[in-house]
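Worksheet for the structure shown next.
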Amino acid sequence: MELTQADVNDLVARLGPRDGHTHLPDDLDPQALTDLLHDRYGASRTLVLDGFTDPTVDESGGAALLVPFEGRAVTIRAWAYGDQWIGAGTARDAEGAERPVLAVAHRQVPEPSAVAPDEDVDWMERLRQITGWTWPARRPDVDWTEVESRLGTALPSDYKRMVETFGAGAFDGYLDLDQEPWPGRRADGLLIWAGTEHEDLYCWRVDGDEPDRWPVVVRSFDNRDTSFDCQAAEFVCRILVDPHHPYTMARYFDTHWFMNYRERS
């Protein structure tokens, strides 16, 4: 049996929005199913491998996906997508035969937008919650001293945490996170840290020697600049969830995730 992306979308829609699971035909290649889900949702987390469950898996990491298999899961990978966990792999059925499976479970997504004026917010932690990111840091060993020396400036700390945590990829498969800033607009006092397929550039205005105070500037495709008095991680949080933000992505995506571009494992 061969699956298309449309088939997978159909199956996920039928299993959701409530928790659901299904055993798939025996002639379906489980790896092909995993590859299609990877292409849509990005990097997965392995919950079960060769019958052994990752002992760190809890409710915040997709444990609800394993409940219907009652200890019979053989290999299960999980993706966070908005308010859903999506899992795929193989599990033994009631007769003990190993078969391909697909499962959907509810994921609790915290509301990140309401912030008191005097609240001290860890916007990177908010960003992890919004995207359902539970995986280990992708680039924990970036040599920022070398990067900053080459660029001739220190860089905002929240941006460095974003790169270390998420690595190469795109928020909602749309907003590409640059792995190091691009000084292509330095003549305008701008340093680029992300961009979109609509050719908007997300930058900082390099103003002063305190990078954590640099404002975010959006340079639109028609060369107009809009400034925001916030750091990069806060800016990303707000455009993901605030439908009234001038550069909101909430109008186009009602679920939020980070599509990691690393090779499949």
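Ligands are numbered from 1 in the order shown, chains are lettered A, B, ... in the order of the structure tokens, and residues start at 1 in each chain.
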Subject >> All strand (DSSP E) residues (DSSP, backbone) inside range 33-140 of chain A, as a ChimeraX atom specification >> reply: /A:45-49,52-53,73-81,84-92,98-106
Subject >> helix (DSSP H, G or I) residues, from DSSP on the backbone, in range 43-257 of chain A, as a ChimeraX atom specification >> reply: /A:59-61,63-69,123-131,144-151,157-166,183-188,211-213,232-241
Subject >> Option closest in space to Tyr81 in chain A, from A:Val142, A:Ala105, A:Ala6, A:Ala97 [counting only C-alpha atoms] >> reply: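 Closest residue, counting only C-alpha atoms: A:Ala105.
For the residues A:Thr134, A:Asn260, A:Gln179, A:Thr255, ranking by smallest atom-to-atom distance to Thr56 in chain A using only C-alpha atoms places A:Thr134 first.
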Subject >> Given only C-alpha atoms as the counted atoms, nearest of A:Glu180, A:Asp229, A:Glu125, A:Asp58 to Leu151 in chain A >> reply: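 The answer is A:Glu180, which sits nearest to Leu151 in chain A.
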Subject >> Selection: 9 Å around Gly167 in chain A, only C-alpha atoms, excl. self and same-chain fewer than 4 positions, as a PyMOL selection string >> reply: chain A and resi 137-140+162-163+177-179+260-262
Limited to C-alpha atoms, could you put the picked residues into a file as a PDB file, in the first residue's frame?
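Result file follows (selection-v3.pdb):
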```pdb
ATOM      1  CA  ALA A 137      18.981  21.423  21.985  1.00  0.00           C
ATOM      2  CA  ARG A 138      19.923  21.031  18.313  1.00  0.00           C
ATOM      3  CA  ARG A 139      23.024  23.255  18.343  1.00  0.00           C
ATOM      4  CA  PRO A 140      24.261  23.532  21.939  1.00  0.00           C
ATOM      5  CA  MET A 162      16.833  30.199  19.800  1.00  0.00           C
ATOM      6  CA  VAL A 163      19.589  28.956  17.489  1.00  0.00           C
ATOM      7  CA  LEU A 177      15.534  31.239  11.544  1.00  0.00           C
ATOM      8  CA  ASP A 178      18.979  32.282  10.305  1.00  0.00           C
ATOM      9  CA  GLN A 179      21.741  30.311  11.990  1.00  0.00           C
ATOM     10  CA  ASN A 260      13.568  21.355  11.931  1.00  0.00           C
ATOM     11  CA  TYR A 261      15.585  20.858   8.758  1.00  0.00           C
ATOM     12  CA  ARG A 262      17.988  18.275  10.147  1.00  0.00           C
TER      13      ARG A 262
END
```
Original post:
Which residues come within 8 Å of Ser220 in chain A, counting only C-alpha atoms, excluding same-chain residues fewer than 5 positions away, as a list in words?
Top reply: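 Contacts, in chain order: Glu199, Asp200, Leu201 and Asp225 of chain A.
Between Met124 in chain A and the residues A:Tyr174, A:Arg72, A:Ala32, A:Arg238, the shortest atom-to-atom distance, using only C-alpha atoms, involves A:Arg238.
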**OP:** Check the smallest atom-to-atom distance from each of A:Trp204, A:Phe69, A:Phe235, A:Glu197 to Arg185 in chain A using only C-alpha atoms, then report the winner.
**Re:**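 Counting only C-alpha atoms, the residue closest to Arg185 in chain A is A:Trp204.
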**OP:** Quote the spacing between CA of Trp257 in chain A and CA of Arg128 in chain A in Å to one decimal place.
**Re:** 9.1 Å
Original post:
Counting only C-alpha atoms, what is within 9 Å of Ile86 in chain A, bar same-chain residues fewer than 5 positions away, as a list of chain:residue names?
Top reply: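 With the cut-off at 9 Å, the set is A:Val12, A:Leu37, A:Gly62, A:Leu65, A:Arg77, A:Ala78, A:Trp79, A:Ala80, A:Tyr81, A:Leu102, A:Ala103, A:Val104, A:Ala105, A:His106.
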Original post:
Separation of CA of Val216 in chain A and CA of Phe228 in chain A, in Å?
Top reply: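 According to the coordinates, CA of Val216 in chain A and CA of Phe228 in chain A are separated by 5.2 Å.
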Subject >> For Gly20 in chain A, the nearest of the candidates A:Gly96, A:Gly87, A:Gly173, A:Pro183, counting only C-alpha atoms >> reply: A:Gly87
Give one line per residue of range 132-194 of chain A that approaches range 209-214 of chain A to at most 7 Å, naming the two atoms of the closest pair and their distance in Å to one decimal, counting only C-alpha atoms; sort by chain then ascending residue number and deliver it as a tab-separated table.
```
residue	atom	partner	partner_atom	distance
A:Ala154	CA	A:Pro211	CA	6.6
A:Leu155	CA	A:Pro211	CA	5.5
A:Pro156	CA	A:Pro211	CA	4.7
A:Ser157	CA	A:Asp212	CA	6.5
```
Original post:
Got a sec: who's within 8 Å of Ala232 in chain A, counting only C-alpha atoms, leaving out chain neighbours fewer than 2 positions off, as JSON, numbers by chain?
Top reply: {"A": [158, 159, 216, 230, 234, 235, 236]}
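Residues with any atom within 8 Å of Asp172 in chain A, counting only C-alpha atoms and excluding same-chain neighbours fewer than 3 positions away, are Leu175, Phe253, Thr255, His256, Trp257, Phe258 and Met259 of chain A.
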